[in-house]
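Okay, so here's the structure we're looking at.
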Amino acid sequence: MTKFIPELNDISTQFSNSKAAESATTSDTKSQSANGVTTLLQLESAVRETDAAPDDASTATTKPKSKLMAAMSRVIPQQVLDSPLLDLKNPMYRSRKFWILTGIGVSVSGGALAVGVTWWNLDRSLPDPLEALTFVRDGTLTIKAEDGTILQQRGEATREKYSLEEMPPHLVQAFIASEDRRFYQHKGVDYQGILRAVVSNLTARDVVEGGSTITQQLARIVFLSQERSVWRKIREIMLAQKIEQKLTKQQILERYLNLVYLGEGAYGVADAAWVYFSKDLDELTLSEMATLVAMAPAPGKFSPLVDEKAAVARRNLVLQRMQEAKIITPQLAQATIAEPLEIEPAPPKRLATEAPYFTSYVEQELPRLIPPEAVEAGGLIVETSLNREWQQQAEEVVEKAIDRYGRSERFKQAALVALDPRNGEVKAMVGGTDFDDTQFNRVTQAMRQPGSTFKGFVYTTAIAAGFSPFRGYLDAPFKVDGYTPKNYSETHSGWISMRDALVKSVNTVAVRALIDVGFEPTIETAHKMGIKSELKPVYSLALGGVEVNLLELTGGYGTLAAKGKHTEVHGIRRVLDQRGEVLYEAKYQPYEAVDEETAAIMTWMLRGVVNSGTGSAASLPGRQVAGKTGTSDDARDLWFIGYIPQLVTGVWLGNDDNTPTWGASSTAALTWRNFMVKAVDGMEVEKFPPRPDKVEGRKGIIKAEPVRPGQLYTMRIKRASNDNDDDSRRSRRWRGSDNDSSPSQGVRRRFRVRSENQTASNDDQPTVVRRRRRVFVASSSDSSSSDNSRQWRRRRSYTASSSNTRASEQPRVSRRRSYTASSSNTRSSDTSSYTRRRSSSGGSRRSGSGGESTASRRSFRSSARVASRRSRPAAARSAAPAPAASAPTIDFKSHH
């Protein structure tokens with residue numbers, strides 16, 4: 001019987017519970033529990049007594065259950081024993097009904113559980129409804145300026161977006177009346193609207209009304225495709241309900257109106273207003289608003305450009321619904337219906353592009369910043385640093401530079417870039433004159449020789465090595481390892497400080513400074529300052545004998561404007577994907593390229609270039625400006641890079657085919673000024689840091705590595721000493737050109753002048769003949785020179801003696817570029833000189849100065865000039881001076 005003890009425990013428990021229920025009104029919980037325990041003990045005692053009772057073996061074997069029941073009857077009421085659960089002869093589990101009901105119950109429970117799990121998984125797989133606020137369609141690219149204005153869009157994107165408050169009220173109400181009249185009553189799904197749409201469509205035997213709410217349409221636009229399936233509809237319903245929970249009605253309506261596709265490539269109501277009527281949204285009439293609303297269900301069917309009759313019929317239906325909703329009066333509705341539909345198509349604004357050279361630069365930078373798969377997927381929003389106002393001004397300035405100076409100075413292209421030196425951001429970029437004609441960006445892609453603008457890096461290296469800006473160098477012709485640098489003016493000044501050499505753009509001194517400081521320190525400093533192009537250790541490096549682009553050159557000078565700190569030049573601030581997640585954010589940190597004292601000294605030196613040097617055309621009223629001009633061989637490239645503390649700008653002028661121009665770097669400086677005058681309007685005036693007091697004996701932050709040339713020859717300086725031409729100078733081919741020279745040994749335009757004796761009166765004018773760049777000038781009849789002619793040749797000087805010259809003063813040959821003819825009254829000490837002049841109706845003249853001291857030369861010439869003038873009559877003194885007899889006049893025609 002012990003095997004029945006577990007069953008007895010269960011039965012006892014049931015009995016105790018039943019007993020407790022019966023005696024609930026007469027005893028408390030403790031007594032019930034005690035009674036249950038007592039009953040259980042009685043039942044166990046009865047079972048033991050039954051087991052202990054003597055029975056024969058057959059009885060014990062055949063009737064064990066009857067003994068159990070007998071024992072149970074002693075302590076359990078009969079009504080409990082009569083329960084079907086204790087019917088051992090006919091148990092319930094043997095009933096067919098039991099199994100049918102059990103199967104149904106399990107099926108229903110399992111189905112409900114499966115549906116619940118599926119719904120839960122589906123709900124978890126749905127995107128966050130808040131993504132609707134930042135949604136951008138796949139395959140699109142939107143580039144924005146720093147103020148959020150769209151510069152360029154590609155793909156199916158909305159160009160113009162309006163807030164709900166900025167949209168015309170009748171337009172908003174028309175969409176609600178036509179697309180979702182119970183918009184403010186439902187919670188994402190309008191079951192009444194679905195039933196109404198079904199009835200309307202069955203009655204009309206056509207699809208005349210849809211059951212989708214505006215919220216469902218927004219969910220379809222943002223998260224789903226246009227696939228027609230039950231599964232997509234279920235997801236649409238669930239998304240609509242979630243959107244209603246997370247977004248307000250105003251947010252839902254605003255996003256829908258800015259994203260809805262209305263045909264002809266127009267996304268959003270503002271784009272559609274332009275595409276169909278060439279109007280802004282606030283300029284639309286009621287008829288035009290109703291026409292836009294009419295296209296929402298099927299743009300390809302109700303577009304006025306596709307089917308005007310269908311568009312008019314749908315427009316009238318929208319007006320009727322507005323009347324039914326009491327948005328407009330019946331009179332206004334009828335009057336509007338009677339109006340003819342007038343359209344004025346225009347291409348979508350998203351196809352237009354502002355700052356095309358800058359946006360192309362941004363597109364080229366994207367693959368370097370974000371994963372390739374993100375670029376391919378699209379849906380990107382690129383936030384840039386471009387200042388739209390400065391960009392427009394830069395484009396105007398470049399266009400005017402071509403119109404005003406391009407034809408006369410023979411350059412056809414120009415480029416300009418402006419940067420913020422404090423953070424490296426690009427603020428304006430013009431890579432050419434016509435993007436439609438050529439997409440070649442001359443700011444980032446054109447590699448050109450920078451000319452003298454590269455001297456800024458050479459002198460910065462020298463100052464950083466501890467050199468004083470007053471360190472003296474000999475400006476004289478010299479040759480180093482087969483390379484001969486030349487000054488543009490082909491004159492030399494003798495000893496000159498490094499600062500003055502930079503101001504006057506003296507080429508020989510720049511090369512000597514490079515030799516003293518070394519190739520590698522210069523190259524390393526230039527790279528730290530922002531030059532990324534390859535730089536070779538050659539002597540021509542000092543004069544820009546390398547190729548760089550305008551962007552890196554401007555960024556290098558920006559390092560000086562930022563007190564020696566360089567920040568990577570960039571135009572992209574952030575890149576967002578279609579869900580608004582940040583894929584990239586610019587976090588460039590400035591680093592010290594040169595120390596602050598070096599930057600301050602260099603800025604002080606470069607200010608001299610603008611204040612009194614070759615860059616004077618770039619001066620700004622009331623502001624400190626620093627910068628450097630540059631001209632490559634034959635003026636093929638004209639440069640000016642200048643800066644103020646808040647802005648650094650670079651300008652390049654030239655031709656794409658690298659043909660020479662007739663311009664000068666002063667034109668580039670003037671173009672720079674024209675842009676900066678507008679850019680700094682309203683900008684706070686800031687001053688550069690003052691120059692350090694101690695410039696001598698400074699300890700350098702870098703170590704100079706002087707170059708040890710194999711051969712270096714320095715030649716003597718030859719200067720002209722003609723009394724009547726002491727103030728004349730050699731004319732330049734280009735007005736205002738700086739003292740630049742190409743480091744290459746290119747062909748230069750030179751003149752050979754021959755003087756011949758002719759019998760003519762003093763009133764005869766010199767005869768000039770041009771032939772293969774040679775000019776022949778006949779001297780006057782009172783010249784005392786002999787029949788010996790004077791011929792100018794490269795690097796040689798011939799001196800012809802006059803009839804009364806001493807025999808010891810024979811012609812001599814000098815291995816320098818110096819040519820002259822001595823007259824009867826010329827001193828022997830002045831016979832070795834040259835004078836190259838250009839005369840044209842009062843044009844200026846230039847000549848080199850001689851070998852004697854400056855004070856004695858000026859005193860002698862001044863005395864001779866005064867004595868000559870006093871000896872002439874008053875009438876003659878008032879007339880134009882005649883050519884001196886001691887030297888024939890060389891009439892140079894303009895050789896442009």
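Chains: A, B, ... in order of the structure tokens. Residues: from 1 per chain. Ligands: from 1, in order shown.
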Neighbour list for range 185-200 of chain A as JSON, numbers by chain, cut-off 12 Å, only C-alpha atoms, skip fewer than 5 positions in-chain
{"A": [176, 178, 179, 180, 205, 206, 207, 208, 209, 210, 211, 212, 213, 214, 215, 216, 217, 218, 219, 233, 234, 236, 237, 238, 239, 240, 241, 242, 243, 244, 245, 246, 247, 248, 249, 252]}
Residue selection dump (N, CA and C atoms) as a compact mmCIF listing (two decimals), in the first residue's frame:
# COMPACT_ATOMS: atom_id res chain seq x y z
N ILE A 176 -5.27 67.97 -47.13
CA ILE A 176 -6.04 67.23 -46.12
C ILE A 176 -7.42 66.87 -46.66
N SER A 178 -8.35 66.43 -49.70
CA SER A 178 -8.32 65.49 -50.82
C SER A 178 -7.74 64.13 -50.43
N GLU A 179 -6.70 64.13 -49.57
CA GLU A 179 -5.98 62.89 -49.30
C GLU A 179 -6.36 62.24 -47.98
N ASP A 180 -6.80 63.02 -46.98
CA ASP A 180 -7.03 62.43 -45.66
C ASP A 180 -7.91 63.39 -44.85
N ARG A 205 -16.88 51.76 -60.02
CA ARG A 205 -16.22 50.72 -60.80
C ARG A 205 -14.85 51.18 -61.30
N ASP A 206 -14.20 51.95 -60.43
CA ASP A 206 -12.85 52.45 -60.75
C ASP A 206 -12.22 52.93 -59.44
N VAL A 207 -10.92 53.08 -59.46
CA VAL A 207 -10.22 53.58 -58.27
C VAL A 207 -10.31 55.10 -58.27
N VAL A 208 -11.27 55.60 -57.52
CA VAL A 208 -11.45 57.04 -57.45
C VAL A 208 -11.03 57.61 -56.10
N GLU A 209 -10.81 56.73 -55.13
CA GLU A 209 -10.43 57.20 -53.80
C GLU A 209 -9.57 56.13 -53.13
N GLY A 210 -8.55 56.59 -52.43
CA GLY A 210 -7.68 55.67 -51.72
C GLY A 210 -7.99 55.64 -50.25
N GLY A 211 -7.59 54.56 -49.62
CA GLY A 211 -7.85 54.41 -48.19
C GLY A 211 -6.66 54.73 -47.32
N SER A 212 -5.52 55.02 -47.94
CA SER A 212 -4.32 55.30 -47.16
C SER A 212 -4.36 56.72 -46.60
N THR A 213 -3.97 56.84 -45.36
CA THR A 213 -3.90 58.15 -44.74
C THR A 213 -2.59 58.85 -45.13
N ILE A 214 -2.49 60.13 -44.79
CA ILE A 214 -1.24 60.86 -45.05
C ILE A 214 -0.10 60.24 -44.26
N THR A 215 -0.39 59.76 -43.05
CA THR A 215 0.65 59.10 -42.25
C THR A 215 1.13 57.83 -42.92
N GLN A 216 0.22 57.04 -43.48
CA GLN A 216 0.60 55.82 -44.20
C GLN A 216 1.43 56.18 -45.44
N GLN A 217 1.05 57.23 -46.14
CA GLN A 217 1.82 57.64 -47.32
C GLN A 217 3.23 58.07 -46.93
N LEU A 218 3.37 58.78 -45.80
CA LEU A 218 4.69 59.17 -45.33
C LEU A 218 5.52 57.94 -44.98
N ALA A 219 4.90 56.95 -44.33
CA ALA A 219 5.61 55.71 -44.00
C ALA A 219 6.08 55.01 -45.26
N LYS A 233 1.65 46.03 -46.83
CA LYS A 233 0.54 46.79 -46.26
C LYS A 233 0.51 46.66 -44.75
N ILE A 234 0.84 45.44 -44.25
CA ILE A 234 0.88 45.26 -42.79
C ILE A 234 1.97 46.12 -42.18
N GLU A 236 3.17 48.82 -43.41
CA GLU A 236 2.75 50.22 -43.56
C GLU A 236 1.82 50.63 -42.43
N ILE A 237 0.87 49.76 -42.09
CA ILE A 237 -0.07 50.06 -41.01
C ILE A 237 0.66 50.18 -39.68
N MET A 238 1.55 49.24 -39.42
CA MET A 238 2.28 49.27 -38.16
C MET A 238 3.18 50.52 -38.07
N LEU A 239 3.84 50.85 -39.17
CA LEU A 239 4.70 52.04 -39.17
C LEU A 239 3.88 53.31 -38.97
N ALA A 240 2.72 53.37 -39.60
CA ALA A 240 1.88 54.55 -39.45
C ALA A 240 1.48 54.75 -38.00
N GLN A 241 1.14 53.66 -37.33
CA GLN A 241 0.77 53.76 -35.93
C GLN A 241 1.94 54.20 -35.06
N LYS A 242 3.13 53.70 -35.36
CA LYS A 242 4.31 54.10 -34.58
C LYS A 242 4.67 55.56 -34.86
N ILE A 243 4.53 55.98 -36.10
CA ILE A 243 4.81 57.38 -36.43
C ILE A 243 3.87 58.31 -35.67
N GLU A 244 2.60 57.93 -35.58
CA GLU A 244 1.64 58.75 -34.85
C GLU A 244 2.00 58.84 -33.38
N GLN A 245 2.67 57.81 -32.85
CA GLN A 245 3.03 57.82 -31.44
C GLN A 245 4.24 58.72 -31.17
N LYS A 246 5.14 58.84 -32.16
CA LYS A 246 6.40 59.56 -31.94
C LYS A 246 6.39 60.98 -32.51
N LEU A 247 5.61 61.24 -33.54
CA LEU A 247 5.62 62.55 -34.20
C LEU A 247 4.27 63.24 -34.01
N THR A 248 4.32 64.56 -34.02
CA THR A 248 3.08 65.32 -33.95
C THR A 248 2.43 65.38 -35.32
N LYS A 249 1.18 65.78 -35.34
CA LYS A 249 0.46 65.91 -36.62
C LYS A 249 1.13 66.95 -37.52
N ILE A 252 4.27 65.42 -39.08
CA ILE A 252 3.90 64.44 -40.12
C ILE A 252 3.49 65.17 -41.40
Selection near Pro706 in chain A, 6 Å with only C-alpha atoms, sequence-local residues under 4 positions removed, as a ChimeraX atom specification:
/A:515-518
Based on DSSP run over this structure's backbone, return all residues of range 146-369 of chain A in alpha helix (DSSP H), as a VMD selection string.
chain A and resid 169 to 179 191 to 204 214 to 223 230 to 246 249 to 259 269 to 277 286 to 294 299 to 302 308 to 324 330 to 337 356 to 369
Taking the DSSP assignment computed from this structure's backbone, write out as a ChimeraX atom specification all residues of range 577-749 of chain A that belong to strand (DSSP E).
/A:582-585,591-592,626-631,637-644,647-654,712-714
Which residues are close to Met676 in chain A, i.e. within 12 Å by only C-alpha atoms, leaving aside same-chain residues fewer than 5 positions away? Reply as a PyMOL selection string.
chain A and resi 390-391+393-394+397+416-419+428+618-621+623+625+641-644+646-651+669-671+681-683
So that I have them on file, write out the residues from the current selection with N, CA and C atoms, as a tab-separated table (two decimals), in the first residue's frame.
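Below is the file result33.tsv, written as the result:
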chain	number	residue	atom	x	y	z
A	390	TRP	N	30.83	85.23	-50.06
A	390	TRP	CA	32.20	85.37	-50.55
A	390	TRP	C	32.39	84.63	-51.88
A	391	GLN	N	31.71	83.51	-52.01
A	391	GLN	CA	31.82	82.75	-53.25
A	391	GLN	C	31.27	83.55	-54.43
A	393	GLN	N	31.08	86.78	-54.64
A	393	GLN	CA	32.00	87.88	-54.88
A	393	GLN	C	33.25	87.40	-55.61
A	394	ALA	N	33.74	86.24	-55.24
A	394	ALA	CA	34.93	85.70	-55.89
A	394	ALA	C	34.66	85.41	-57.37
A	397	VAL	N	34.65	88.72	-59.24
A	397	VAL	CA	35.98	89.30	-59.37
A	397	VAL	C	36.78	88.58	-60.44
A	416	LEU	N	40.90	81.50	-58.00
A	416	LEU	CA	40.96	82.16	-56.70
A	416	LEU	C	40.47	81.21	-55.63
A	417	VAL	N	41.13	81.20	-54.49
A	417	VAL	CA	40.69	80.40	-53.35
A	417	VAL	C	40.93	81.20	-52.08
A	418	ALA	N	39.96	81.15	-51.17
A	418	ALA	CA	40.06	81.85	-49.89
A	418	ALA	C	39.88	80.84	-48.76
A	419	LEU	N	40.75	80.93	-47.74
A	419	LEU	CA	40.74	80.00	-46.62
A	419	LEU	C	40.69	80.76	-45.31
A	428	ALA	N	35.89	80.11	-50.13
A	428	ALA	CA	35.51	80.42	-51.50
A	428	ALA	C	36.49	79.73	-52.43
A	618	ALA	N	48.03	95.35	-53.70
A	618	ALA	CA	47.13	94.58	-52.85
A	618	ALA	C	46.81	95.26	-51.53
A	619	SER	N	47.27	96.47	-51.32
A	619	SER	CA	47.04	97.13	-50.04
A	619	SER	C	45.55	97.39	-49.81
A	620	LEU	N	45.13	97.24	-48.55
A	620	LEU	CA	43.75	97.49	-48.16
A	620	LEU	C	43.71	98.67	-47.21
A	621	PRO	N	42.79	99.60	-47.39
A	621	PRO	CA	42.74	100.77	-46.51
A	621	PRO	C	42.39	100.37	-45.08
A	623	ARG	N	43.89	98.38	-43.02
A	623	ARG	CA	44.18	97.01	-42.59
A	623	ARG	C	45.63	96.65	-42.90
A	625	VAL	N	48.22	94.08	-44.27
A	625	VAL	CA	48.20	93.04	-45.28
A	625	VAL	C	49.62	92.54	-45.49
A	641	ILE	N	49.72	85.72	-53.36
A	641	ILE	CA	49.17	85.07	-52.18
A	641	ILE	C	49.28	86.07	-51.04
A	642	GLY	N	48.15	86.47	-50.49
A	642	GLY	CA	48.16	87.46	-49.42
A	642	GLY	C	47.20	87.10	-48.31
A	643	TYR	N	47.39	87.74	-47.15
A	643	TYR	CA	46.54	87.40	-46.02
A	643	TYR	C	46.43	88.55	-45.03
A	644	ILE	N	45.32	88.49	-44.31
A	644	ILE	CA	45.10	89.28	-43.11
A	644	ILE	C	44.94	88.25	-41.99
A	646	GLN	N	42.48	87.09	-40.41
A	646	GLN	CA	41.29	86.22	-40.47
A	646	GLN	C	41.12	85.50	-41.79
A	647	LEU	N	41.86	85.85	-42.82
A	647	LEU	CA	41.57	85.30	-44.14
A	647	LEU	C	42.84	85.32	-45.00
A	648	VAL	N	43.09	84.21	-45.69
A	648	VAL	CA	44.20	84.12	-46.62
A	648	VAL	C	43.62	83.76	-47.99
A	649	THR	N	44.07	84.46	-49.01
A	649	THR	CA	43.52	84.29	-50.36
A	649	THR	C	44.65	84.19	-51.36
A	650	GLY	N	44.48	83.29	-52.31
A	650	GLY	CA	45.45	83.12	-53.38
A	650	GLY	C	44.82	83.34	-54.73
A	651	VAL	N	45.57	83.99	-55.64
A	651	VAL	CA	45.08	84.29	-56.99
A	651	VAL	C	46.12	83.82	-58.00
A	669	ALA	N	47.77	90.78	-57.91
A	669	ALA	CA	47.60	91.48	-56.63
A	669	ALA	C	46.38	92.38	-56.65
A	670	LEU	N	46.12	93.02	-57.78
A	670	LEU	CA	44.95	93.88	-57.90
A	670	LEU	C	43.66	93.04	-57.85
A	671	THR	N	43.67	91.88	-58.49
A	671	THR	CA	42.51	90.99	-58.43
A	671	THR	C	42.27	90.53	-57.00
A	681	ASP	N	34.40	93.57	-45.78
A	681	ASP	CA	33.39	94.58	-45.45
A	681	ASP	C	32.58	94.11	-44.24
A	682	GLY	N	32.65	94.85	-43.18
A	682	GLY	CA	31.95	94.47	-41.95
A	682	GLY	C	32.75	93.56	-41.05
A	683	MET	N	33.92	93.13	-41.47
A	683	MET	CA	34.76	92.25	-40.66
A	683	MET	C	35.60	93.09	-39.69
10 Å contact set for Pro304 in chain A, only C-alpha atoms, chain neighbours under 3 positions out, as number ranges by chain
A: 263, 276, 291-292, 295, 299-301, 307-312, 341-343
Keeping N, CA and C atoms for every residue in the selection just given, could you write it to a file as a CSV table (one decimal), in the first residue's frame?
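And here is the file that came out, result.csv:
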chain,number,residue,atom,x,y,z
A,263,GLY,N,5.7,64.4,-59.8
A,263,GLY,CA,5.9,64.2,-61.2
A,263,GLY,C,7.0,65.2,-61.8
A,276,TYR,N,6.2,73.3,-62.6
A,276,TYR,CA,5.0,73.5,-63.4
A,276,TYR,C,4.7,74.9,-63.6
A,291,THR,N,-4.2,72.1,-58.5
A,291,THR,CA,-3.5,71.3,-59.6
A,291,THR,C,-2.4,70.5,-59.0
A,292,LEU,N,-1.6,71.1,-58.1
A,292,LEU,CA,-0.5,70.3,-57.4
A,292,LEU,C,-1.1,69.2,-56.6
A,295,MET,N,-2.3,66.0,-58.4
A,295,MET,CA,-1.3,65.0,-58.9
A,295,MET,C,-0.8,64.0,-57.9
A,299,PRO,N,1.0,61.0,-60.2
A,299,PRO,CA,1.6,62.1,-61.0
A,299,PRO,C,1.7,61.8,-62.5
A,300,GLY,N,1.9,60.6,-62.8
A,300,GLY,CA,2.1,60.2,-64.2
A,300,GLY,C,0.7,60.3,-65.0
A,301,LYS,N,-0.4,60.3,-64.3
A,301,LYS,CA,-1.7,60.3,-64.9
A,301,LYS,C,-2.3,61.7,-64.9
A,307,ASP,N,-1.4,64.9,-69.5
A,307,ASP,CA,-2.8,64.9,-69.9
A,307,ASP,C,-3.5,66.1,-69.3
A,308,GLU,N,-3.6,67.2,-70.0
A,308,GLU,CA,-4.2,68.4,-69.5
A,308,GLU,C,-5.6,68.2,-69.1
A,309,LYS,N,-6.4,67.5,-69.9
A,309,LYS,CA,-7.8,67.3,-69.5
A,309,LYS,C,-8.0,66.5,-68.2
A,310,ALA,N,-7.2,65.5,-68.1
A,310,ALA,CA,-7.3,64.7,-66.8
A,310,ALA,C,-6.8,65.6,-65.6
A,311,ALA,N,-5.8,66.4,-65.9
A,311,ALA,CA,-5.4,67.3,-64.8
A,311,ALA,C,-6.4,68.3,-64.4
A,312,VAL,N,-7.2,68.8,-65.4
A,312,VAL,CA,-8.2,69.8,-65.1
A,312,VAL,C,-9.4,69.1,-64.3
A,341,LEU,N,-6.5,76.4,-67.1
A,341,LEU,CA,-5.2,75.9,-66.5
A,341,LEU,C,-4.0,76.5,-67.3
A,342,GLU,N,-3.2,77.3,-66.7
A,342,GLU,CA,-2.0,77.8,-67.4
A,342,GLU,C,-0.8,77.4,-66.7
A,343,ILE,N,0.1,76.8,-67.5
A,343,ILE,CA,1.4,76.3,-66.9
A,343,ILE,C,2.6,77.0,-67.6
Fewer than 3 positions away in the same chain doesn't count, so skip those; otherwise give me all residues within 6 Å of range 558-561 of chain A, counting only C-alpha atoms, as a ChimeraX atom specification.
/A:421,529,555,564-566,599,645,648
Would you output that residue set with all heavy atoms, as a short mmCIF file (atom, residue, chain, number, x, y, z; two decimals), in the first residue's frame?
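Output file out39.cif is given in full below:
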data_model
loop_
_atom_site.label_atom_id
_atom_site.label_comp_id
_atom_site.auth_asym_id
_atom_site.auth_seq_id
_atom_site.Cartn_x
_atom_site.Cartn_y
_atom_site.Cartn_z
N PRO A 421 42.54 80.79 -42.10
CA PRO A 421 43.81 80.21 -41.63
C PRO A 421 43.72 79.62 -40.23
O PRO A 421 44.56 78.82 -39.84
CB PRO A 421 44.77 81.40 -41.68
CG PRO A 421 43.90 82.60 -41.55
CD PRO A 421 42.61 82.26 -42.22
N MET A 529 54.30 73.29 -43.56
CA MET A 529 53.42 74.44 -43.73
C MET A 529 52.25 74.16 -44.65
O MET A 529 51.35 74.99 -44.76
CB MET A 529 54.23 75.63 -44.25
CG MET A 529 55.24 76.16 -43.24
SD MET A 529 56.27 77.50 -43.90
CE MET A 529 55.04 78.79 -44.13
N GLY A 555 47.35 77.52 -48.63
CA GLY A 555 47.36 76.96 -47.29
C GLY A 555 48.68 77.13 -46.59
O GLY A 555 48.74 77.31 -45.36
N GLY A 564 52.04 80.52 -37.22
CA GLY A 564 52.90 79.36 -37.31
C GLY A 564 52.21 78.03 -37.16
O GLY A 564 52.85 76.98 -37.30
N LYS A 565 50.91 78.02 -36.90
CA LYS A 565 50.17 76.77 -36.75
C LYS A 565 49.45 76.44 -38.05
O LYS A 565 48.80 77.30 -38.63
CB LYS A 565 49.18 76.86 -35.59
CG LYS A 565 49.86 77.05 -34.24
CD LYS A 565 48.86 76.95 -33.11
CE LYS A 565 49.54 77.14 -31.76
NZ LYS A 565 50.52 76.06 -31.49
N HIS A 566 49.56 75.19 -38.44
CA HIS A 566 48.91 74.76 -39.69
C HIS A 566 47.79 73.78 -39.40
O HIS A 566 47.94 72.87 -38.58
CB HIS A 566 49.93 74.09 -40.61
CG HIS A 566 49.32 73.61 -41.90
ND1 HIS A 566 48.98 74.47 -42.93
CD2 HIS A 566 48.97 72.37 -42.31
CE1 HIS A 566 48.47 73.77 -43.93
NE2 HIS A 566 48.44 72.50 -43.58
N ALA A 599 57.00 83.14 -37.40
CA ALA A 599 55.83 83.58 -38.17
C ALA A 599 55.66 85.09 -38.08
O ALA A 599 55.31 85.75 -39.07
CB ALA A 599 54.58 82.86 -37.67
N PRO A 645 44.85 88.65 -40.73
CA PRO A 645 44.77 87.63 -39.67
C PRO A 645 43.62 86.66 -39.80
O PRO A 645 43.72 85.51 -39.38
CB PRO A 645 44.64 88.48 -38.39
CG PRO A 645 45.32 89.76 -38.72
CD PRO A 645 45.01 90.01 -40.16
N VAL A 648 43.09 84.21 -45.69
CA VAL A 648 44.20 84.12 -46.62
C VAL A 648 43.62 83.76 -47.99
O VAL A 648 42.77 82.88 -48.10
CB VAL A 648 45.25 83.08 -46.18
CG1 VAL A 648 44.62 81.72 -45.94
CG2 VAL A 648 46.37 82.96 -47.21
#
When you draw a straight line from CA of Glu686 in chain A to CA of Glu597 in chain A, how long is it in Å?
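Distance reported for this atom pair: 18.1 Å.
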Pick out the residues sitting within 7 Å of Arg442 in chain A, and hand them over as a PyMOL selection string; count only C-alpha atoms, and ignore anything fewer than 2 positions along from it in its own chain.
chain A and resi 415+431-432+440+444-446
Nearest candidate to Ser163 in chain A (options A:Gly697, A:Pro345, A:Gly268, A:Pro450; using only C-alpha atoms):
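Among the listed residues, A:Gly268 lies closest to Ser163 in chain A.
Counting only C-alpha atoms, the residue from A:Thr525, A:Thr336, A:Gln589, A:Ser408 that sits nearest to Gln323 in chain A is A:Thr336.
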Would you work out the distance separating CA of Thr453 in chain A from CA of Gln392 in chain A, expressed in Å to one decimal?
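Those two atoms sit 26.4 Å apart.
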So, with only C-alpha atoms as the atoms that count, which of A:Arg154, A:Lys699, A:Arg636, A:Lys455 lies closest to Ala510 in chain A?
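For Ala510 in chain A, the nearest of the given residues is A:Lys455.
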